[in-house]
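Undergrad: Got a structure for you, coords.cif, holding mmCIF, C-alpha atoms.
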```cif
data_target
loop_
_atom_site.group_PDB
_atom_site.id
_atom_site.type_symbol
_atom_site.label_atom_id
_atom_site.label_comp_id
_atom_site.auth_asym_id
_atom_site.auth_seq_id
_atom_site.Cartn_x
_atom_site.Cartn_y
_atom_site.Cartn_z
ATOM 1 C CA MET A 1 109.401 75.003 87.055
ATOM 2 C CA ALA A 2 105.677 75.398 87.627
ATOM 3 C CA SER A 3 105.251 76.706 84.080
ATOM 4 C CA ALA A 4 107.229 73.782 82.674
ATOM 5 C CA PHE A 5 105.072 71.246 84.507
ATOM 6 C CA ARG A 6 101.748 73.027 84.028
ATOM 7 C CA GLU A 7 100.340 70.575 81.468
ATOM 8 C CA SER A 8 101.445 67.418 83.261
ATOM 9 C CA ARG A 9 98.915 65.781 85.574
ATOM 10 C CA ARG A 10 101.741 63.889 87.294
ATOM 11 C CA PHE A 11 103.096 67.141 88.671
ATOM 12 C CA LYS A 12 99.784 68.891 89.435
ATOM 13 C CA ASP A 13 100.278 68.774 93.220
ATOM 14 C CA LEU A 14 103.774 70.189 92.831
ATOM 15 C CA THR A 15 102.768 73.040 90.502
ATOM 16 C CA ASP A 16 99.799 73.893 92.745
ATOM 17 C CA ALA A 17 102.095 74.009 95.779
ATOM 18 C CA ILE A 18 104.586 76.256 93.973
ATOM 19 C CA ASP A 19 101.796 78.590 92.847
ATOM 20 C CA ARG A 20 100.255 78.774 96.312
ATOM 21 C CA TYR A 21 103.597 79.420 98.009
ATOM 22 C CA HIS A 22 104.510 82.080 95.465
ATOM 23 C CA SER A 23 101.130 83.787 95.798
ATOM 24 C CA ALA A 24 101.479 84.023 99.573
ATOM 25 C CA PHE A 25 104.791 85.863 99.190
ATOM 26 C CA SER A 26 103.293 88.067 96.478
ATOM 27 C CA VAL A 27 100.463 89.079 98.819
ATOM 28 C CA HIS A 28 103.050 89.654 101.552
ATOM 29 C CA ALA A 29 104.931 92.013 99.217
ATOM 30 C CA ASP A 30 101.740 93.983 98.533
ATOM 31 C CA LEU A 31 101.094 94.379 102.253
ATOM 32 C CA LEU A 32 104.678 95.573 102.770
ATOM 33 C CA GLU A 33 104.106 98.215 100.098
ATOM 34 C CA ALA A 34 100.940 99.328 101.886
ATOM 35 C CA LYS A 35 102.810 99.504 105.198
ATOM 36 C CA ARG A 36 105.650 101.550 103.693
ATOM 37 C CA ALA A 37 103.174 104.016 102.229
ATOM 38 C CA ILE A 38 101.373 104.340 105.579
ATOM 39 C CA ASP A 39 104.637 104.822 107.487
ATOM 40 C CA THR A 40 105.793 107.462 104.994
ATOM 41 C CA LEU A 41 102.419 109.189 105.190
ATOM 42 C CA HIS A 42 102.840 109.533 108.953
ATOM 43 C CA GLU A 43 106.242 111.130 108.316
ATOM 44 C CA VAL A 44 105.103 113.648 105.679
ATOM 45 C CA ASP A 45 102.101 114.589 107.800
ATOM 46 C CA LYS A 46 104.529 116.439 110.095
ATOM 47 C CA TYR A 47 105.362 118.946 107.356
ATOM 48 C CA GLU A 48 102.661 121.000 105.667
ATOM 49 C CA SER A 49 104.478 121.355 102.343
ATOM 50 C CA ALA A 50 105.261 117.624 102.109
ATOM 51 C CA ARG A 51 101.737 116.725 103.165
ATOM 52 C CA PHE A 52 100.268 118.905 100.421
ATOM 53 C CA ARG A 53 102.550 117.391 97.746
ATOM 54 C CA PHE A 54 102.647 113.718 98.682
ATOM 55 C CA ALA A 55 99.834 112.723 101.063
ATOM 56 C CA ALA A 56 97.205 111.983 98.414
ATOM 57 C CA ALA A 57 99.579 109.823 96.367
ATOM 58 C CA LEU A 58 100.723 107.868 99.429
ATOM 59 C CA MET A 59 97.149 107.347 100.592
ATOM 60 C CA THR A 60 96.067 106.141 97.166
ATOM 61 C CA HIS A 61 99.036 103.759 96.989
ATOM 62 C CA ALA A 62 98.335 102.356 100.448
ATOM 63 C CA VAL A 63 94.681 101.701 99.604
ATOM 64 C CA ALA A 64 95.572 100.162 96.236
ATOM 65 C CA MET A 65 98.215 97.810 97.666
ATOM 66 C CA TYR A 66 96.038 96.705 100.579
ATOM 67 C CA ALA A 67 93.175 96.070 98.158
ATOM 68 C CA ARG A 68 95.433 94.149 95.770
ATOM 69 C CA ALA A 69 96.418 91.889 98.660
ATOM 70 C CA THR A 70 92.979 91.367 100.200
ATOM 71 C CA ILE A 71 90.182 92.376 97.819
ATOM 72 C CA SER A 72 91.277 91.639 94.254
ATOM 73 C CA ASP A 73 89.749 88.691 92.402
ATOM 74 C CA HIS A 74 91.589 85.399 92.022
ATOM 75 C CA ASP A 75 92.783 85.804 88.441
ATOM 76 C CA GLY A 76 96.542 85.500 88.190
ATOM 77 C CA ARG A 77 97.418 84.063 91.593
ATOM 78 C CA PRO A 78 95.810 81.624 94.041
ATOM 79 C CA PRO A 79 94.027 83.473 96.848
ATOM 80 C CA VAL A 80 95.228 83.918 100.402
ATOM 81 C CA ASP A 81 92.091 84.495 102.454
ATOM 82 C CA VAL A 82 93.697 86.895 104.904
ATOM 83 C CA THR A 83 90.370 88.294 106.135
ATOM 84 C CA ARG A 84 88.961 84.922 107.187
ATOM 85 C CA SER A 85 90.405 85.240 110.692
ATOM 86 C CA PHE A 86 89.403 88.890 111.116
ATOM 87 C CA SER A 87 87.180 89.838 114.052
ATOM 88 C CA GLU A 88 83.862 91.548 113.345
ATOM 89 C CA GLU A 89 85.480 94.900 114.134
ATOM 90 C CA LEU A 90 88.281 94.248 111.660
ATOM 91 C CA LYS A 91 85.799 93.079 109.021
ATOM 92 C CA HIS A 92 83.911 96.356 109.460
ATOM 93 C CA LYS A 93 87.138 98.318 108.952
ATOM 94 C CA HIS A 94 88.003 96.152 105.956
ATOM 95 C CA ALA A 95 84.590 96.809 104.386
ATOM 96 C CA ALA A 96 85.094 100.566 104.790
ATOM 97 C CA ILE A 97 88.477 100.412 103.026
ATOM 98 C CA ALA A 98 87.026 98.205 100.290
ATOM 99 C CA ASP A 99 84.249 100.737 99.780
ATOM 100 C CA LEU A 100 86.816 103.560 99.639
ATOM 101 C CA ARG A 101 88.770 101.696 96.992
ATOM 102 C CA ASN A 102 85.768 100.596 94.934
ATOM 103 C CA THR A 103 83.779 103.839 94.896
ATOM 104 C CA VAL A 104 86.408 106.582 95.100
ATOM 105 C CA VAL A 105 90.044 105.563 94.604
ATOM 106 C CA ALA A 106 89.904 102.983 91.801
ATOM 107 C CA HIS A 107 86.401 103.475 90.442
ATOM 108 C CA TYR A 108 83.591 105.984 90.515
ATOM 109 C CA GLY A 109 80.571 104.867 92.510
ATOM 110 C CA VAL A 110 78.134 105.655 95.280
ATOM 111 C CA PRO A 111 79.999 105.492 98.608
ATOM 112 C CA LYS A 112 78.468 103.539 101.461
ATOM 113 C CA GLY A 113 81.214 103.730 104.070
ATOM 114 C CA SER A 114 82.289 106.700 106.155
ATOM 115 C CA HIS A 115 85.796 106.900 104.661
ATOM 116 C CA ALA A 116 84.592 107.208 101.074
ATOM 117 C CA HIS A 117 81.950 109.784 101.970
ATOM 118 C CA ARG A 118 84.664 112.020 103.447
ATOM 119 C CA TRP A 119 87.159 111.607 100.603
ATOM 120 C CA ASN A 120 85.555 113.656 97.886
ATOM 121 C CA ASP A 121 82.655 116.119 97.678
ATOM 122 C CA GLU A 122 81.798 117.400 94.205
ATOM 123 C CA ARG A 123 78.819 119.373 92.976
ATOM 124 C CA THR A 124 77.486 121.197 89.977
ATOM 125 C CA VAL A 125 75.994 124.504 91.096
ATOM 126 C CA LEU A 126 73.649 126.934 89.362
ATOM 127 C CA ARG A 127 74.753 130.438 90.266
ATOM 128 C CA TRP A 128 71.814 132.838 90.164
ATOM 129 C CA HIS A 129 72.843 136.451 90.538
ATOM 130 C CA PRO A 130 71.735 139.866 89.231
ATOM 131 C CA GLU A 131 73.994 139.612 86.167
ATOM 132 C CA GLY A 132 72.449 136.323 85.096
ATOM 133 C CA ARG A 133 72.749 132.605 85.611
ATOM 134 C CA SER A 134 75.759 130.328 85.166
ATOM 135 C CA PHE A 135 76.867 126.872 86.091
ATOM 136 C CA SER A 136 79.933 125.965 88.089
ATOM 137 C CA TYR A 137 81.543 122.682 89.066
ATOM 138 C CA ILE A 138 83.112 122.690 92.536
ATOM 139 C CA SER A 139 84.903 119.952 94.412
ATOM 140 C CA SER A 140 86.715 119.338 97.669
ATOM 141 C CA ARG A 141 89.063 116.365 97.696
ATOM 142 C CA ALA A 142 90.873 115.187 100.811
ATOM 143 C CA GLY A 143 94.571 114.468 100.596
ATOM 144 C CA PHE A 144 93.977 111.634 103.026
ATOM 145 C CA VAL A 145 91.475 110.615 105.694
ATOM 146 C CA ALA A 146 93.204 110.136 109.053
ATOM 147 C CA GLU A 147 90.701 107.557 110.302
ATOM 148 C CA ALA A 148 91.170 105.524 107.132
ATOM 149 C CA VAL A 149 94.964 105.652 107.532
ATOM 150 C CA ASN A 150 94.654 104.354 111.099
ATOM 151 C CA ASP A 151 92.328 101.565 109.950
ATOM 152 C CA LEU A 152 94.730 100.647 107.142
ATOM 153 C CA ALA A 153 97.615 100.401 109.606
ATOM 154 C CA ILE A 154 95.639 98.042 111.845
ATOM 155 C CA LEU A 155 94.336 95.952 108.940
ATOM 156 C CA THR A 156 97.742 95.663 107.284
ATOM 157 C CA ARG A 157 99.289 94.421 110.518
ATOM 158 C CA HIS A 158 96.633 91.741 111.066
ATOM 159 C CA ALA A 159 96.636 90.721 107.402
ATOM 160 C CA GLY A 160 100.412 90.386 107.578
ATOM 161 C CA LEU A 161 100.109 87.917 110.461
ATOM 162 C CA ALA A 162 97.633 85.826 108.461
ATOM 163 C CA VAL A 163 99.910 85.819 105.409
ATOM 164 C CA ALA A 164 102.935 84.837 107.514
ATOM 165 C CA ALA A 165 100.985 81.814 108.783
ATOM 166 C CA ALA A 166 99.997 80.914 105.211
ATOM 167 C CA ILE A 167 103.626 81.144 104.080
ATOM 168 C CA ASP A 168 104.753 78.772 106.837
ATOM 169 C CA GLU A 169 101.978 76.289 106.067
ATOM 170 C CA ARG A 170 102.551 76.352 102.319
ATOM 171 C CA GLU A 171 106.316 76.066 102.678
ATOM 172 C CA LEU A 172 105.951 72.810 104.626
ATOM 173 C CA LYS A 173 103.794 71.322 101.888
ATOM 174 C CA LEU A 174 106.126 72.479 99.122
ATOM 175 C CA ARG A 175 109.182 71.081 100.898
ATOM 176 C CA ALA A 176 107.426 67.732 101.315
ATOM 177 C CA LEU A 177 106.542 67.568 97.625
ATOM 178 C CA LEU A 178 110.052 68.526 96.531
ATOM 179 C CA LYS A 179 111.379 65.803 98.812
ATOM 180 C CA ARG A 180 109.097 63.304 97.040
ATOM 181 C CA PHE A 181 110.460 64.306 93.634
ATOM 182 C CA GLU A 182 114.112 64.939 94.555
ATOM 183 C CA ASN A 183 115.320 61.835 92.674
ATOM 184 C CA ASP A 184 113.031 62.303 89.696
ATOM 185 C CA PRO A 185 115.233 62.872 86.590
ATOM 186 C CA GLU A 186 112.557 64.977 84.849
ATOM 187 C CA VAL A 187 112.309 67.326 87.829
ATOM 188 C CA ALA A 188 116.100 67.524 88.053
ATOM 189 C CA ALA A 189 116.355 68.442 84.366
ATOM 190 C CA VAL A 190 113.715 71.159 84.632
ATOM 191 C CA ALA A 191 115.294 72.525 87.819
ATOM 192 C CA GLN A 192 118.620 72.816 85.986
ATOM 193 C CA ARG A 193 116.997 74.678 83.077
ATOM 194 C CA CYS A 194 115.143 77.003 85.434
ATOM 195 C CA ARG A 195 118.101 78.022 87.579
ATOM 196 C CA PHE A 196 117.683 81.533 88.940
ATOM 197 C CA LYS A 197 120.722 83.725 88.366
ATOM 198 C CA PRO A 198 120.599 86.744 90.687
ATOM 199 C CA GLU A 199 123.368 88.504 88.765
ATOM 200 C CA ASN A 200 121.005 88.632 85.760
ATOM 201 C CA PHE A 201 118.059 89.826 87.839
ATOM 202 C CA TYR A 202 119.605 92.469 90.060
ATOM 203 C CA THR A 203 121.454 95.532 88.824
ATOM 204 C CA THR A 204 124.054 95.868 91.605
ATOM 205 C CA GLU A 205 126.549 93.589 93.315
ATOM 206 C CA VAL A 206 125.173 94.732 96.662
ATOM 207 C CA ALA A 207 121.746 93.355 95.748
ATOM 208 C CA VAL A 208 123.259 90.060 94.576
ATOM 209 C CA HIS A 209 125.178 89.747 97.852
ATOM 210 C CA ALA A 210 122.016 90.538 99.792
ATOM 211 C CA PHE A 211 120.162 87.810 97.903
ATOM 212 C CA TRP A 212 122.653 85.101 98.864
ATOM 213 C CA HIS A 213 122.931 86.234 102.484
ATOM 214 C CA GLY A 214 119.281 87.081 103.109
ATOM 215 C CA VAL A 215 119.988 90.749 103.791
ATOM 216 C CA GLY A 216 116.887 92.883 103.615
ATOM 217 C CA SER A 217 114.443 89.994 103.296
ATOM 218 C CA GLU A 218 111.179 90.735 105.096
#
```
Show me the file's structure as structure tokens.
TA:
Amino acid sequence: MASAFRESRRFKDLTDAIDRYHSAFSVHADLLEAKRAIDTLHEVDKYESARFRFAAALMTHAVAMYARATISDHDGRPPVDVTRSFSEELKHKHAAIADLRNTVVAHYGVPKGSHAHRWNDERTVLRWHPEGRSFSYISSRAGFVAEAVNDLAILTRHAGLAVAAAIDERELKLRALLKRFENDPEVAAVAQRCRFKPENFYTTEVAVHAFWHGVGSE
């Protein structure tokens, strides 16, 4: 519906409200992904073999999803300023995770925070020995940084509370706008054309049933 009304000034408030409500849920989904990765990381940490195989991937995913929810620019979806209500301590933790993402996980840069400094140590070494000289590249990369995982868990929880408040606030505004337009024939026509059919979206009957009955919604 928002796409259909995008060019109409008459429906600007409605399309903005739809976009803002949708973006809040999208950010919520990213934070859930981060939380799942963190929870799974705590589980695999109990087993050396699993930790060696999966810890780095889970840590990277957790950082990426948290960053997508709280650090990414505003292209594509209206922002949800989840860090606005953070305490100074939380903002310090957030900055350390942002630095980890920006200088180590997603991009190559010069780390400033403690997490990023501990993630990766790489050097080019000149070996000087009786047989001659040679160069060697050596590196030590952490599967995960425990302190960063703990910070991510705390940040994700607090960010989730902020997003939940944004969802409630934006839902009230969207409901009010839909109420204003409920008898508008143009809105009714577009709503009919844009009907969501869960049986075409989901691949199993169980998922369709869950959609209608709210099973598994978080």
Undergrad: Hey, what's within 10 Å of A:Pro111 if we count only C-alpha atoms and toss same-chain stuff fewer than 3 positions away? As a ChimeraX atom specification, please?
TA: /A:96,99-104,108,114-120
Undergrad: Can you write out as JSON lines which residues of stretch 64-92 of chain A fall within 12 Å of stretch 167-176 of chain A, alongside each residue's closest atom pair and its distance in Å to one decimal, counting all atoms listed in the file and ordering rows by chain and ascending residue number?
TA:
```
{"residue": "A:Pro78", "atom": "CA", "partner": "A:Arg170", "partner_atom": "CA", "distance": 11.9}
{"residue": "A:Val80", "atom": "CA", "partner": "A:Ile167", "partner_atom": "CA", "distance": 9.6}
{"residue": "A:Val82", "atom": "CA", "partner": "A:Ile167", "partner_atom": "CA", "distance": 11.5}
```
Undergrad: Calculated over all atoms listed in the file, which of the candidates A:Ala95, A:Leu14, A:Ala69, A:Val125 has the smallest distance to A:His28?
TA: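 Of A:Ala95, A:Leu14, A:Ala69, A:Val125, the one nearest A:His28 is A:Ala69, counting all atoms listed in the file.
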Undergrad: Between atom CA of A:Arg9 and atom CA of A:Ala165, what is the distance in Å, rounded to a tenth?
TA: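 Atom-to-atom, atom CA of A:Arg9 to atom CA of A:Ala165, that is 28.3 Å.
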Undergrad: Check the smallest atom-to-atom distance from each of A:Arg127, A:His213, A:His22, A:His42 to A:Ala146 using only C-alpha atoms, then report the winner.
TA: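 Among the listed residues, A:His42 lies closest to A:Ala146.
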Undergrad: One decimal, in Å: what's the spacing between atom CA of A:Arg157 and atom CA of A:Ala67?
TA: 13.9 Å
Undergrad: Quick one: residues within 12 Å of A:Asn150, only C-alpha atoms, excluding same-chain residues fewer than 6 positions away - as a PDB file with C-alpha atoms, keeping the file's coordinate frame?
TA:
```pdb
ATOM      1  CA  LYS A  35     102.810  99.504 105.198  1.00  0.00           C
ATOM      2  CA  ILE A  38     101.373 104.340 105.579  1.00  0.00           C
ATOM      3  CA  ASP A  39     104.637 104.822 107.487  1.00  0.00           C
ATOM      4  CA  LEU A  41     102.419 109.189 105.190  1.00  0.00           C
ATOM      5  CA  HIS A  42     102.840 109.533 108.953  1.00  0.00           C
ATOM      6  CA  MET A  59      97.149 107.347 100.592  1.00  0.00           C
ATOM      7  CA  ALA A  62      98.335 102.356 100.448  1.00  0.00           C
ATOM      8  CA  VAL A  63      94.681 101.701  99.604  1.00  0.00           C
ATOM      9  CA  LEU A  90      88.281  94.248 111.660  1.00  0.00           C
ATOM     10  CA  LYS A  93      87.138  98.318 108.952  1.00  0.00           C
ATOM     11  CA  HIS A  94      88.003  96.152 105.956  1.00  0.00           C
ATOM     12  CA  ILE A  97      88.477 100.412 103.026  1.00  0.00           C
ATOM     13  CA  HIS A 115      85.796 106.900 104.661  1.00  0.00           C
ATOM     14  CA  PHE A 144      93.977 111.634 103.026  1.00  0.00           C
ATOM     15  CA  THR A 156      97.742  95.663 107.284  1.00  0.00           C
ATOM     16  CA  ARG A 157      99.289  94.421 110.518  1.00  0.00           C
TER      17      ARG A 157
END
```
Undergrad: Which one of A:Leu58, A:Ala50, A:Val208, A:Ala98 sits closest to A:Asp151 if you count only C-alpha atoms?
TA: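 Once distances to A:Asp151 are computed over only C-alpha atoms, the minimum belongs to A:Ala98.
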Undergrad: Padding 3 Å on each side, edges along x, y and z: where is the centre of the box around the listed atoms of stretch 181-195 of chain A, and how long are its edges in Å to one decimal? Output it as JSON.
TA:
```
{"center_x": 114.5, "center_y": 69.9, "center_z": 88.8, "size_x": 14.2, "size_y": 22.2, "size_z": 17.5}
```
Undergrad: May I ask for the distance between atom CA of A:Thr15 and atom CA of A:Ser85, given in Å to one decimal place?
TA: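 Between atom CA of A:Thr15 and atom CA of A:Ser85 the gap works out to 26.6 Å.
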Undergrad: Would you translate the PyMOL selection byres ((chain A and resi 2) around 8) into the concrete set of residues it matches in this file, as a list of chain:residue names?
TA: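 For this structure, the PyMOL selection byres ((chain A and resi 2) around 8) captures A:Met1, A:Ser3, A:Ala4, A:Phe5, A:Arg6, A:Leu14, A:Thr15, A:Asp16, A:Ile18, A:Asp19.
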Undergrad: So, counting all atoms listed in the file, which residue among A:Glu43, A:Leu32, A:Phe25, A:Phe54 is closest to A:Pro79?
TA: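 Nearest to A:Pro79: A:Phe25.
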Undergrad: Name the closest residue to A:Ala164 among the candidates A:Lys91, A:Ser8, A:Thr60, A:Asp81; distances are taken between atoms, counting all atoms listed in the file.
TA: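 When distances to A:Ala164 are compared using all atoms listed in the file, the smallest one comes from A:Asp81.
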Undergrad: To verify the selection step, state as an mmCIF file with C-alpha atoms, keeping the file's coordinate frame which residues the PyMOL selection byres ((chain A and resi 30) around 8) yields on this input.
TA:
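Contents of selection.cif, as written:
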```
data_model
loop_
_atom_site.group_PDB
_atom_site.id
_atom_site.type_symbol
_atom_site.label_atom_id
_atom_site.label_comp_id
_atom_site.auth_asym_id
_atom_site.auth_seq_id
_atom_site.Cartn_x
_atom_site.Cartn_y
_atom_site.Cartn_z
ATOM 1 C CA SER A 26 103.293 88.067 96.478
ATOM 2 C CA VAL A 27 100.463 89.079 98.819
ATOM 3 C CA HIS A 28 103.050 89.654 101.552
ATOM 4 C CA ALA A 29 104.931 92.013 99.217
ATOM 5 C CA LEU A 31 101.094 94.379 102.253
ATOM 6 C CA LEU A 32 104.678 95.573 102.770
ATOM 7 C CA GLU A 33 104.106 98.215 100.098
ATOM 8 C CA ALA A 34 100.940 99.328 101.886
ATOM 9 C CA MET A 65 98.215 97.810 97.666
ATOM 10 C CA TYR A 66 96.038 96.705 100.579
ATOM 11 C CA ARG A 68 95.433 94.149 95.770
ATOM 12 C CA ALA A 69 96.418 91.889 98.660
#
```
Undergrad: Check what the PyMOL selection byres ((chain A and resi 143) around 6) selects in the file above and give those residues as a list of chain:residue names.
TA: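 Answer for the PyMOL selection byres ((chain A and resi 143) around 6): A:Ala55, A:Ala56, A:Ala142, A:Phe144.
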